[in-house]
Amino acid sequence: MGEKVNEEVDRISFHNYRPLLTHIYAGPFLALYVLWAAFALQADHVWELKLIVLGAVGVIHVLCGLFCVWSVQWMTLCMCSTLPDATAASFAKVVPTENNGSTVMCKINRRTKKSGEPELWLEFHQTKYICTDNLNFNPVAFPTSGPISDYTGSRGLSDDDVLEAVQQWGYNEMKIVLPSFQELFVERATAPFFVFQVFCVGLWCLDEYWYYSLFTLGMLAMFEATVVKQQMKSMGEIKRMTQEPYFISVYRNKRWDKVRCNELCPGDLISLTRREESVPCDVILLHGSCVVNESMLTGESVPLMKESMVADDGSCEYEGGVLNLELHSRLHVVFGGTSLVQHTASTNKQFIKAPDNGCIAYVLRTGFNTSQGKLLRTIMYSVKRVTANNFETFLFILFLLQFAIAASAYVWIEGTKDPDRNRYKLFLECTLILTSVVPPELPIELSLAVNNSLISLIKMGIHCTEPFRIPFAGKVHVACFDKTGTLTTDKLEVTGVCGVKKGDPSALVPVEDAPLGSCQVLATCHSLLHIDGQLIGDPIERATLSVLPWNLTKGDVVICKSVKQSLKIMRRFHFNSTLKRMSVVVSQQDNNYNVEYFVMTKGAPEVIKTMLAKVPDSYDETHKQYTLQGGRVIALAKRPLGKDVTVRDLQREDAEKDLEFCGFVVFSTPLKKESKAAVTMLRDSSHYIVMITGDSPLTACYVANQLRISKKNLILVEKDDGEWVWQTPDESEEYPIDSPAKGFSLCLTGPAMNHCLGLPDKKHGTFFKKIISRVQVFARVTPKQKELAITTFKSLGLVTVMCGDGTNDVGALKHADVGVAIISNAPEVKPEKRELERKEKEKSEKKMAILQEFREINQKRTLQERQKLLEEKLKELQEDTMVKLGDASIASPFTSKYSSVKCVCSIIRQGRCTLVTTLQMFKILALNALIIAYCQSALYLDGVKFSDGQATLQGLLLAGCFLFISRSKPLDKLSKTRPHANIFNLYTISTVLLQFAVHLYTIIRLVDAVHAIEPRKASIDLDAEFSPTLLNTIVYIVSVTLQLNTFIINYRGHPYMESLRENKPLCYSAIFTAVFMTILTFGVMPDISSEFSLLIPPDSLKHEVFTTLLLDTGLTLAFDRVLLWLCGDAKLKPIN
């Protein structure tokens, strides 16, 4: 099965395991060992060669077995046979799409269905895939697209139906099984890098470096254990996101019963009531209505109204249709993980009535297939292991391997010239040289750089579910922002109503003095509700109603304070971001109890204009005047429907026509406090800034000018004759579509985007791609068009960050390289330290009070009751500090707890810091590997080798540098210069080669200086036990000092992170190592020198070593800084 299955699975293939002896790591190697035994029995071969051959075969054997653990692809090749379909297969290899986890071998399960037909299925990432008639596997289909009548006519499940449903879909469970410490440690201990490091340790042991080997192995094991502990903690937090099962009313076997919510099945009818626990699964409302809080999933804390599919009179406007989740979910579907703020049961006695008087809902999806389950699967399976670019790392190691191969070849060729030399020792040394190009610190350093950034972001209230994206943040070219709720506050201030004053339509009238018709539309056309004495709903609508002389009471009745008049909201046509409008049908009763119906509508001025029976002459001029001033303008309209109207049967298209204009309501949208500073910092740090909003182009351009995203704008508009031209916001200047004036930033609306996409261009494909480099404002765009803008930037090779706060931004956040969601209605900045200390003190006092209360009732309860009570109390206390699902939007890899866009700057600063740390670590490790390779090759033939104590001391002295270099903090301000995005650039390669040339010259010069005092021996016994010599002492001092030198010279510091002086731990570690090596050079402490088998050099040699090393430091520093000045920073990639 080669075609793509869905968004998560790329392809599936089918396999069976072959017999054991046919596995590549079994039968073939058994034959090799037999051949080796025959070879070993031959007496005319030396034992060293026999051991070398056995060791080589053993290593290849182990690698073949480990590759089956590392790669599912290799495992299927070595152990499995491939089948054309799943009929006779026992296992399926599931290859996921990018960023959705790794390839997995899944067991194919079989069962017999109720009809007697066999069914094949597998489970991948907690999702069940069923084999269809064409032998392809597809996710199990939930009842989410059936005829509407199937839902409205449902009478629940029978016991047989439940058994069948459980077999088909499983229980409504989100079980997260936490692996043990041992399992996770074994998983990491069998990872490629760790195995390679253990192999190196084994080689060092063979070369009699016992202490150094054990020290390195202990360091690696401690690091992996720390990572495993952190991994277990993260998994524990994910598990705590799920809730414990609770009892819920379910209609089964034609009667109501109480069952645990984890036993629900698709097709069940359940009763939803307001309670502390969240909704257990995705359901569609059949009878009754409710208000839900979906912040758990979307980050938006504005409650949403959900209505039933069936009206109280039994009618259904979708009768005869098919359920479409994309169309119906906003109004009728309650998602799992959300919480009910209010519920209202149906008043029709003919409907099924729940014993707890709840809303009747039909279960659509359960378990990990719900919206909440999808979020958990995103967190659990989309995260790659934190590391650098694996392909670049591989190429860089290959680059270093060339030097190692040359060095080991030199050792082998020169060493074999002496027929008496031990070939085993020679082969061992060549192997050590080859392995030296992959330092044991490499995976530790690459992981530490990302993990430290993760910790820093969490401290700033930014949670990341996909750590591999952090280095991407350091490469960002384009920063895209939503406007309302992101750059500006969503707490709009009502300025007034215009377009209603005769003779002066542009005059702004206070809302309380507006005509009755305008007030009626504003007072009724909303989604506000009264819950527990509070007005709940959209902040804009709350702000509007608060300044009106009208009150919203229970039962959706709006009463005017000044005029004895009341209106009852009978039906709502909810706001739709695509339609850009909202309408309600209201009733008004006169003194004779006659009821008259009206439709009240509000929306975007350009949309309402097409629905008016008569458009005022000054319509466009009036609303453009205020949008040019940055106001948010909404058009108001109404129409009487008469008395004989069946409200439920009224279609939206019939209601929203021939409307009477009632004016424009104008809102001001103040900028958030830190928006201007954040945008300025991003603009000054070599980023393109783009605004993508659903608001009007004039308002968007005004805000863009305020934030200096753009200075002068041209908007692409369609004239009355159908011609598209570029116009200034005030319409004073006009330019042809194919030649907009230079010096202007462009603004595209949704219709303009569609028009540009339809215009071909020879070079760029479409006219849209041609002009996108100048577009800085996208206005009046739909969510899909937001996605299109992001994907177009990405297609041009630009790394893009998108920051938004609402459901309209979900698609764009998903498609961006770095998606940043900010929580609506959260504070803009982190509370001050004193405030945090006060809260911590309150929490501590509360905890003490709980313990005191527990002691007082201690004698009155059983042990189990006491334990349960204490757990409940402490759980309540802990909930304030726990990370909840609402902290991480389902769409975004980054979620900020604060509503300021400055979090984008923080993420980019951490991204740049991580990227620079990774690149500098490659330089440092490359130089150290080259130095070690030379010392182990050319100098090995001179008899130079380090003692076990010397190697251990070297590891201890440099361990601090390795640890602290990755803990550098980014600077508070983003720099104008940009770091290189990858390892292979002119600066990195040039500085590594030049620095190595200087270090090589230093080693050769000082070795020659030693030989001038102690001439080379004619014959050197490489197998002799270690004994201290002057050459060994000088080479050891030089080797450690040069490695320290690489840290000092290649530490980047400003302008991306702390300087070496500001990074205190690294600075002190480097100073200590430098002072210690100076003491060894001058022999100030003979006892210490003797302890580590080092001789005290002659006075003349001391000064030469010291001055040569100083010269080496000066030259490498000069070369690096000159290259840094010439080509050390990247430039912002042009958009073309």
# chains A, B, ... in the order shown; residues from 1 in each chain; ligands from 1

$ residues_around --residues "A:Cys281" --least-positions-apart "3" --cutoff "8 Å" --atoms "only C-alpha atoms" --output "number ranges by chain"
A: 172, 335-337, 363-367, 370

$ select_by_dssp --residues "stretch 569-638 of chain A" --states "strand (DSSP E or B)" --output "count of residues only"
35

$ closest_atom_pairs --of "stretch 683-720 of chain A" --to "stretch 890-908 of chain A" --cutoff "12 Å" --atoms "only C-alpha atoms" --output "Markdown table"
| residue | atom | partner | partner_atom | distance |
| --- | --- | --- | --- | --- |
| A:Arg683 | CA | A:Cys905 | CA | 10.7 |
| A:Asp684 | CA | A:Cys905 | CA | 11.6 |
| A:Ser685 | CA | A:Cys905 | CA | 9.9 |
| A:Ser686 | CA | A:Ile908 | CA | 11.7 |
| A:His687 | CA | A:Ile908 | CA | 10.6 |
| A:Ile689 | CA | A:Val904 | CA | 12.0 |

$ closest_residue --among "A:Ser278, A:Thr1041, A:Ser149, A:Ser180" --to "A:Glu319" --atoms "only C-alpha atoms"
A:Ser149

$ closest_residue --among "A:Ala821, A:Ala1074, A:Val250, A:Ala88" --to "A:Cys464" --atoms "only C-alpha atoms"
A:Ala821

$ closest_residue --among "A:Val59, A:Leu426, A:Val586, A:Ala1070" --to "A:Arg572" --atoms "only C-alpha atoms"
A:Val586

$ residues_around --residues "A:Cys701" --least-positions-apart "6" --cutoff "9 Å" --atoms "only C-alpha atoms" --output "count of residues only"
11

$ residues_around --residues "A:Phe962" --least-positions-apart "4" --cutoff "9 Å" --atoms "only C-alpha atoms" --output "short mmCIF file (atom, residue, chain, number, x, y, z; two decimals) with all heavy atoms, in the first residue's frame"
data_model
loop_
_atom_site.label_atom_id
_atom_site.label_comp_id
_atom_site.auth_asym_id
_atom_site.auth_seq_id
_atom_site.Cartn_x
_atom_site.Cartn_y
_atom_site.Cartn_z
N GLU A 441 31.19 13.80 23.66
CA GLU A 441 30.38 14.92 24.16
C GLU A 441 29.36 15.41 23.14
O GLU A 441 28.47 16.20 23.48
CB GLU A 441 31.28 16.10 24.55
CG GLU A 441 32.32 15.78 25.61
CD GLU A 441 33.61 15.25 24.98
OE1 GLU A 441 33.63 15.05 23.75
OE2 GLU A 441 34.58 15.02 25.73
N GLU A 445 26.08 17.61 24.11
CA GLU A 445 26.06 19.05 23.88
C GLU A 445 24.87 19.47 23.03
O GLU A 445 24.22 20.47 23.31
CB GLU A 445 27.37 19.48 23.19
CG GLU A 445 28.58 19.39 24.07
CD GLU A 445 28.45 20.25 25.33
OE1 GLU A 445 27.88 21.35 25.25
OE2 GLU A 445 28.89 19.81 26.39
N MET A 921 29.59 24.64 18.99
CA MET A 921 30.00 23.34 19.51
C MET A 921 30.57 22.47 18.40
O MET A 921 31.52 21.71 18.61
CB MET A 921 28.82 22.63 20.17
CG MET A 921 28.49 23.11 21.57
SD MET A 921 29.93 23.23 22.65
CE MET A 921 30.64 21.61 22.49
N LEU A 958 38.23 19.72 31.29
CA LEU A 958 37.44 20.24 30.18
C LEU A 958 35.94 19.98 30.34
O LEU A 958 35.15 20.52 29.58
CB LEU A 958 37.94 19.63 28.87
CG LEU A 958 39.39 19.97 28.50
CD1 LEU A 958 39.79 19.23 27.23
CD2 LEU A 958 39.58 21.47 28.32
N SER A 966 26.98 25.38 26.99
CA SER A 966 25.62 25.26 26.45
C SER A 966 24.58 25.94 27.35
O SER A 966 23.40 25.94 27.03
CB SER A 966 25.25 23.79 26.28
OG SER A 966 25.27 23.13 27.52
N PHE A 1047 37.76 26.50 23.10
CA PHE A 1047 36.57 27.00 23.80
C PHE A 1047 36.58 28.52 23.87
O PHE A 1047 35.58 29.18 23.60
CB PHE A 1047 36.52 26.42 25.22
CG PHE A 1047 36.04 25.01 25.29
CD1 PHE A 1047 36.92 23.96 25.38
CD2 PHE A 1047 34.68 24.72 25.26
CE1 PHE A 1047 36.49 22.66 25.44
CE2 PHE A 1047 34.22 23.42 25.32
CZ PHE A 1047 35.13 22.38 25.41
N LEU A 1066 31.36 29.34 32.99
CA LEU A 1066 32.31 29.00 31.92
C LEU A 1066 33.60 29.78 32.07
O LEU A 1066 34.70 29.23 31.90
CB LEU A 1066 31.67 29.28 30.56
CG LEU A 1066 32.57 29.02 29.34
CD1 LEU A 1066 33.00 27.56 29.28
CD2 LEU A 1066 31.85 29.42 28.04
#

$ residues_around --residues "A:Lys175" --least-positions-apart "3" --cutoff "10 Å" --atoms "only C-alpha atoms" --output "ChimeraX atom specification"
/A:126,172,178,239,242,367-368

$ write_last_selection --atoms "all heavy atoms" --output "PDB file, in the first residue's frame"
ATOM      1  N   GLN A 126      -2.307   5.192  19.049  1.00  0.00           N
ATOM      2  CA  GLN A 126      -3.577   5.152  19.771  1.00  0.00           C
ATOM      3  C   GLN A 126      -4.787   5.291  18.856  1.00  0.00           C
ATOM      4  O   GLN A 126      -5.896   5.569  19.319  1.00  0.00           O
ATOM      5  CB  GLN A 126      -3.621   6.283  20.832  1.00  0.00           C
ATOM      6  CG  GLN A 126      -2.443   6.331  21.770  1.00  0.00           C
ATOM      7  CD  GLN A 126      -2.467   5.231  22.801  1.00  0.00           C
ATOM      8  OE1 GLN A 126      -3.403   4.468  22.867  1.00  0.00           O
ATOM      9  NE2 GLN A 126      -1.426   5.150  23.610  1.00  0.00           N
ATOM     10  N   ASN A 172     -14.119   4.484  25.635  1.00  0.00           N
ATOM     11  CA  ASN A 172     -13.791   5.919  25.642  1.00  0.00           C
ATOM     12  C   ASN A 172     -12.669   6.162  26.658  1.00  0.00           C
ATOM     13  O   ASN A 172     -12.862   6.809  27.687  1.00  0.00           O
ATOM     14  CB  ASN A 172     -15.047   6.730  26.004  1.00  0.00           C
ATOM     15  CG  ASN A 172     -14.773   8.214  26.020  1.00  0.00           C
ATOM     16  OD1 ASN A 172     -14.007   8.725  25.208  1.00  0.00           O
ATOM     17  ND2 ASN A 172     -15.380   8.916  26.970  1.00  0.00           N
ATOM     18  N   LEU A 178       2.786   4.753  31.444  1.00  0.00           N
ATOM     19  CA  LEU A 178       4.117   5.329  31.648  1.00  0.00           C
ATOM     20  C   LEU A 178       5.166   4.215  31.693  1.00  0.00           C
ATOM     21  O   LEU A 178       5.057   3.290  32.509  1.00  0.00           O
ATOM     22  CB  LEU A 178       4.160   6.127  32.954  1.00  0.00           C
ATOM     23  CG  LEU A 178       3.257   7.351  33.033  1.00  0.00           C
ATOM     24  CD1 LEU A 178       3.443   8.049  34.370  1.00  0.00           C
ATOM     25  CD2 LEU A 178       3.539   8.311  31.899  1.00  0.00           C
ATOM     26  N   LYS A 239       0.123  12.652  31.491  1.00  0.00           N
ATOM     27  CA  LYS A 239      -0.883  11.739  32.041  1.00  0.00           C
ATOM     28  C   LYS A 239      -1.836  12.478  32.966  1.00  0.00           C
ATOM     29  O   LYS A 239      -3.033  12.182  33.011  1.00  0.00           O
ATOM     30  CB  LYS A 239      -0.191  10.595  32.789  1.00  0.00           C
ATOM     31  CG  LYS A 239      -1.170   9.515  33.247  1.00  0.00           C
ATOM     32  CD  LYS A 239      -0.487   8.304  33.828  1.00  0.00           C
ATOM     33  CE  LYS A 239      -1.511   7.234  34.199  1.00  0.00           C
ATOM     34  NZ  LYS A 239      -0.884   6.021  34.734  1.00  0.00           N
ATOM     35  N   THR A 242      -5.152  14.037  31.653  1.00  0.00           N
ATOM     36  CA  THR A 242      -6.392  13.267  31.500  1.00  0.00           C
ATOM     37  C   THR A 242      -7.146  13.278  32.825  1.00  0.00           C
ATOM     38  O   THR A 242      -6.553  13.427  33.887  1.00  0.00           O
ATOM     39  CB  THR A 242      -6.075  11.825  31.082  1.00  0.00           C
ATOM     40  OG1 THR A 242      -5.276  11.205  32.102  1.00  0.00           O
ATOM     41  CG2 THR A 242      -5.312  11.793  29.771  1.00  0.00           C
ATOM     42  N   GLY A 367     -12.376   8.429  23.033  1.00  0.00           N
ATOM     43  CA  GLY A 367     -10.960   8.126  23.259  1.00  0.00           C
ATOM     44  C   GLY A 367     -10.008   9.104  22.618  1.00  0.00           C
ATOM     45  O   GLY A 367     -10.232  10.320  22.626  1.00  0.00           O
ATOM     46  N   PHE A 368      -8.948   8.567  22.040  1.00  0.00           N
ATOM     47  CA  PHE A 368      -7.918   9.406  21.426  1.00  0.00           C
ATOM     48  C   PHE A 368      -8.351   9.997  20.092  1.00  0.00           C
ATOM     49  O   PHE A 368      -7.580  10.720  19.467  1.00  0.00           O
ATOM     50  CB  PHE A 368      -6.629   8.600  21.233  1.00  0.00           C
ATOM     51  CG  PHE A 368      -5.805   8.485  22.477  1.00  0.00           C
ATOM     52  CD1 PHE A 368      -5.864   7.366  23.277  1.00  0.00           C
ATOM     53  CD2 PHE A 368      -4.960   9.530  22.847  1.00  0.00           C
ATOM     54  CE1 PHE A 368      -5.098   7.263  24.427  1.00  0.00           C
ATOM     55  CE2 PHE A 368      -4.195   9.441  23.995  1.00  0.00           C
ATOM     56  CZ  PHE A 368      -4.264   8.312  24.795  1.00  0.00           C
TER      57      PHE A 368
END

$ closest_atom_pairs --of "stretch 300-342 of chain A" --to "stretch 251-273 of chain A" --cutoff "10 Å" --atoms "only C-alpha atoms" --output "JSON lines"
{"residue": "A:Val334", "atom": "CA", "partner": "A:Leu272", "partner_atom": "CA", "distance": 9.8}
{"residue": "A:Ser339", "atom": "CA", "partner": "A:Thr273", "partner_atom": "CA", "distance": 9.6}
{"residue": "A:Leu340", "atom": "CA", "partner": "A:Thr273", "partner_atom": "CA", "distance": 7.1}
{"residue": "A:Val341", "atom": "CA", "partner": "A:Thr273", "partner_atom": "CA", "distance": 9.1}
{"residue": "A:Gln342", "atom": "CA", "partner": "A:Thr273", "partner_atom": "CA", "distance": 7.8}

$ write_last_selection --atoms "N, CA, C and O atoms" --output "mmCIF file, in the first residue's frame"
data_model
loop_
_atom_site.group_PDB
_atom_site.id
_atom_site.type_symbol
_atom_site.label_atom_id
_atom_site.label_comp_id
_atom_site.auth_asym_id
_atom_site.auth_seq_id
_atom_site.Cartn_x
_atom_site.Cartn_y
_atom_site.Cartn_z
ATOM 1 N N VAL A 334 -20.282 19.655 20.693
ATOM 2 C CA VAL A 334 -19.556 19.941 21.938
ATOM 3 C C VAL A 334 -18.373 18.979 21.981
ATOM 4 O O VAL A 334 -18.546 17.762 21.928
ATOM 5 N N SER A 339 -15.683 22.414 28.823
ATOM 6 C CA SER A 339 -16.522 22.387 30.032
ATOM 7 C C SER A 339 -17.799 23.195 29.797
ATOM 8 O O SER A 339 -17.785 24.211 29.103
ATOM 9 N N LEU A 340 -18.893 22.719 30.368
ATOM 10 C CA LEU A 340 -20.177 23.402 30.236
ATOM 11 C C LEU A 340 -20.281 24.527 31.267
ATOM 12 O O LEU A 340 -20.060 24.305 32.460
ATOM 13 N N VAL A 341 -20.588 25.708 30.780
ATOM 14 C CA VAL A 341 -20.788 26.858 31.660
ATOM 15 C C VAL A 341 -22.254 26.963 32.045
ATOM 16 O O VAL A 341 -22.608 27.366 33.146
ATOM 17 N N GLN A 342 -23.127 26.567 31.121
ATOM 18 C CA GLN A 342 -24.574 26.619 31.367
ATOM 19 C C GLN A 342 -25.258 25.611 30.447
ATOM 20 O O GLN A 342 -24.779 25.346 29.336
#

$ closest_atom_pairs --of "stretch 598-698 of chain A" --to "stretch 485-501 of chain A" --cutoff "7 Å" --atoms "only C-alpha atoms" --output "Markdown table"
| residue | atom | partner | partner_atom | distance |
| --- | --- | --- | --- | --- |
| A:Thr622 | CA | A:Gly499 | CA | 6.5 |
| A:Cys662 | CA | A:Val500 | CA | 6.9 |
| A:Gly663 | CA | A:Gly499 | CA | 4.8 |
| A:Phe664 | CA | A:Cys498 | CA | 5.2 |
| A:Val665 | CA | A:Val497 | CA | 4.4 |
| A:Val666 | CA | A:Thr495 | CA | 5.4 |
| A:Phe667 | CA | A:Val494 | CA | 4.6 |
| A:Ser668 | CA | A:Glu493 | CA | 5.3 |
| A:Thr669 | CA | A:Leu492 | CA | 5.3 |
| A:Pro670 | CA | A:Thr488 | CA | 5.7 |
| A:Leu671 | CA | A:Thr488 | CA | 4.1 |
| A:Lys672 | CA | A:Thr488 | CA | 5.1 |
| A:Ser675 | CA | A:Leu487 | CA | 5.6 |

$ residues_around --residues "A:Glu164" --least-positions-apart "4" --cutoff "8 Å" --atoms "only C-alpha atoms" --output "number ranges by chain"
A: 114, 160, 168

$ residues_around --residues "A:Gly811" --least-positions-apart "6" --cutoff "10 Å" --atoms "only C-alpha atoms" --output "VMD selection string"
chain A and resid 783 to 788 790 819 891 to 892

$ select_by_dssp --residues "stretch 974-1121 of chain A" --states "alpha helix (DSSP H)" --output "JSON, numbers by chain"
{"A": [986, 987, 988, 989, 990, 991, 992, 993, 994, 995, 996, 997, 998, 999, 1000, 1001, 1002, 1003, 1004, 1005, 1006, 1007, 1008, 1009, 1010, 1011, 1012, 1013, 1030, 1031, 1032, 1033, 1034, 1035, 1036, 1037, 1038, 1039, 1040, 1041, 1042, 1043, 1044, 1045, 1046, 1047, 1048, 1049, 1050, 1064, 1065, 1066, 1067, 1068, 1069, 1070, 1071, 1072, 1073, 1074, 1075, 1076, 1077, 1078, 1079, 1080, 1081, 1082, 1086, 1087, 1088, 1089, 1090, 1091, 1099, 1100, 1101, 1102, 1103, 1104, 1105, 1106, 1107, 1108, 1109, 1110, 1111, 1112, 1113, 1114, 1115, 1116, 1117, 1118, 1119, 1120, 1121]}
